[in-house]
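Structure first, then comments.
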Amino acid sequence: MAKPASPDSATEFVSLGWSALSWIEHYLVHGPGDIQGQRISVDDEFAAFVVRAYELRLDGSRRVRRAFLSRAKGRAKSEIAGFIECFEALGPCRFDHWAEPGEVSDWGYEYEPGEPVGKPLRYVEILNVATEEEQAGNTYDVVYYNLHPETCSPELLEDFGRLDVGLSRINLPNQRGSIEPVSSADSSKDGGKSTFIVSDETHLWKLKRLKSLHRTMARNLLKRKVASGWMLETSTMYGEGEGSVAEGTHAYALAVRSGRLRDNTLLFDHRQASASWDLADRKQRIKALREAYGPAAEWMDLDAIADSWDEPDASESEFRRYWLNQPVAMDAKPTSILPRWGSCAVTDRPLDGSPVVAIAVSFDRAWSAIVGSTVADGVLVVKVLRHGPGTSWVVAHMRTLARSGDVLIDEKGPAGSLVPALKAAGIGLHLVSPDEVCDAASLVLDRTEDGSLEHFAQPELDGAAEVAAWRTIADRRAFGRRVSGGDISALEAASLAALAADRELVGASFNIW
């Protein structure tokens, strides 16, 4: 991996990562375990991750705001996170200037001319967050071992002195800040101004409050522009359908990679074995493990892992998930909040009458939906008229509908931003109240339970019904776009349109079917 010669080209890759690796290998040692206290030599795969994580724009600002490191069980991802955390606390981790010819760091690293030179943060606030069950987590153990004066390297002790290291907090010298291990249930971090956060084992972050805390911490990173805070998530692959933070991050990364979303601040680094290996064949299991572990295959006991396949209580899905780092389907899928949704699908019902229309937008504004509903023989029928990425197309599409009557929209939700443009286009609106939002969700639940709602098994609507979760408004329930496992805009719009059709809330006549 060649270091840059200069930062002048618009296509030049510039990173503090090479000096970061040098700092880590000079000052840090392996944490608790069989090789604790031994010197570090970061393998090429993790070295490449560090270099990418510290990529800079040509003005010296950090590019990566959120990094995700996904590796198989035992790959030492928590250890590399701990090394980075130590560097963030004490090392020259933010840009200062471009290196002059012959420039050398305090610890002996020789910079290439034009290579970025870092400086330590003026004030540090580092959080190491794990699940309640793991408490401090493996990463903080590595940090504790490396910074404690009784176990740190002689070089670190000489250059940084005896640090104030405790089991619940590490205070940096000269009141420069602190490092804390915290439980992922600790809501006191909502107002923090973190410079670096490690979210450990995010495939375990499945509860609503954990996902909410993850979003809050990510927002907090934006509070200090100069500090350029960032988050590192470490995880083994998730159980599909559990709705964990890791699953959400993976889905987001795939959307970015496909071009559906744009985010050049995300670094998604995932390695898994190919699904093509025949795991019943022991030789192929070994090859699959070598593929999953990469450089770590040299020191992992692959024979023992391969033989665990034959144990009486072994599960193929667990073997694939933990040892091959493949996302796997859960043995038991979570129950939908609309358990009878699938039984309400039809293909041959005519769409008579004058349907009403509703608009909804997903929480992240990545998707919008326009849905119509009508009543036929006492049965509510809903159909997605259009579902597409973003919001820019919605007003133009609404102009193409031959219609009279108002369109339903939740002004207090993400779709509220469309209200001025819809009004300017002469489109009549019915701005639903919170009570009507709750009424709409209750109506869909009740009507699917008694079979008096029908839909057309459209993927966007079926997908929304599968991942939807409840949220609370006062003492009532509504569909929760923030807490659901994905985009539910089609379901939200369907519920509002169904409510209008059921109650005749708006006088409507649409020639759109």
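Naming scheme: A, B, ... for chains in displayed order of the structure tokens; residues 1 onward per chain; ligands 1 onward as shown.
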Report as JSON lines: every residue of region 198-304 of chain A with an atom at most 8 Å from region 315-324 of chain A, its closest pair of atoms, and their distance in Å to one decimal, counting only C-alpha atoms, with rows sorted by chain and ascending residue number.
{"residue": "A:Thr236", "atom": "CA", "partner": "A:Tyr322", "partner_atom": "CA", "distance": 6.4}
{"residue": "A:Met237", "atom": "CA", "partner": "A:Arg321", "partner_atom": "CA", "distance": 5.8}
{"residue": "A:Tyr238", "atom": "CA", "partner": "A:Arg321", "partner_atom": "CA", "distance": 7.1}
{"residue": "A:Gly239", "atom": "CA", "partner": "A:Arg321", "partner_atom": "CA", "distance": 7.7}
{"residue": "A:Gln272", "atom": "CA", "partner": "A:Leu324", "partner_atom": "CA", "distance": 5.6}
{"residue": "A:Ala273", "atom": "CA", "partner": "A:Leu324", "partner_atom": "CA", "distance": 5.3}
{"residue": "A:Ala288", "atom": "CA", "partner": "A:Leu324", "partner_atom": "CA", "distance": 7.0}
{"residue": "A:Leu289", "atom": "CA", "partner": "A:Leu324", "partner_atom": "CA", "distance": 6.1}
{"residue": "A:Ala292", "atom": "CA", "partner": "A:Leu324", "partner_atom": "CA", "distance": 5.3}
{"residue": "A:Tyr293", "atom": "CA", "partner": "A:Leu324", "partner_atom": "CA", "distance": 7.9}
Residues of region 307-367 of chain A within 10 Å of region 428-452 of chain A: nearest atom pair and distance (Å, one decimal) for each, counting only C-alpha atoms, sorted by chain and number, as CSV?
residue,atom,partner,partner_atom,distance
A:Ile337,CA,A:Leu445,CA,8.2
A:Leu338,CA,A:Leu445,CA,6.1
A:Pro339,CA,A:Glu449,CA,8.0
A:Arg340,CA,A:Thr448,CA,5.8
A:Trp341,CA,A:Thr448,CA,5.9
A:Gly342,CA,A:Thr448,CA,8.9
A:Ser343,CA,A:Gly451,CA,7.9
A:Cys344,CA,A:Gly451,CA,6.3
A:Ala345,CA,A:Gly451,CA,9.9
A:Ala358,CA,A:His430,CA,9.1
Put those residues in a file: C-alpha atoms, as an mmCIF file, in the first residue's frame.
data_model
loop_
_atom_site.group_PDB
_atom_site.id
_atom_site.type_symbol
_atom_site.label_atom_id
_atom_site.label_comp_id
_atom_site.auth_asym_id
_atom_site.auth_seq_id
_atom_site.Cartn_x
_atom_site.Cartn_y
_atom_site.Cartn_z
ATOM 1 C CA ILE A 337 -47.620 -6.731 14.175
ATOM 2 C CA LEU A 338 -50.144 -7.511 11.415
ATOM 3 C CA PRO A 339 -50.177 -11.317 11.654
ATOM 4 C CA ARG A 340 -53.073 -11.804 9.196
ATOM 5 C CA TRP A 341 -51.786 -9.433 6.539
ATOM 6 C CA GLY A 342 -50.800 -12.230 4.162
ATOM 7 C CA SER A 343 -54.264 -13.775 4.210
ATOM 8 C CA CYS A 344 -55.770 -10.490 2.950
ATOM 9 C CA ALA A 345 -54.030 -10.621 -0.447
ATOM 10 C CA ALA A 358 -52.679 9.378 0.782
#
| field | Residue nearest Phe46 (chain A) - candidates A:Lys412, A:Arg75, A:His387, A:His148, atoms counted: only C-alpha atoms | value | A:Arg75
| Distance criterion (only C-alpha atoms): nearest to Glu88 (chain A) out of A:Val143, A:Ser105, A:Ala130, A:Arg66 | A:Val143
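Distances to Asp281 (chain A) were evaluated for A:Leu147, A:Ala306, A:Ala47, A:Leu453 using only C-alpha atoms, and the minimum falls at A:Ala306.
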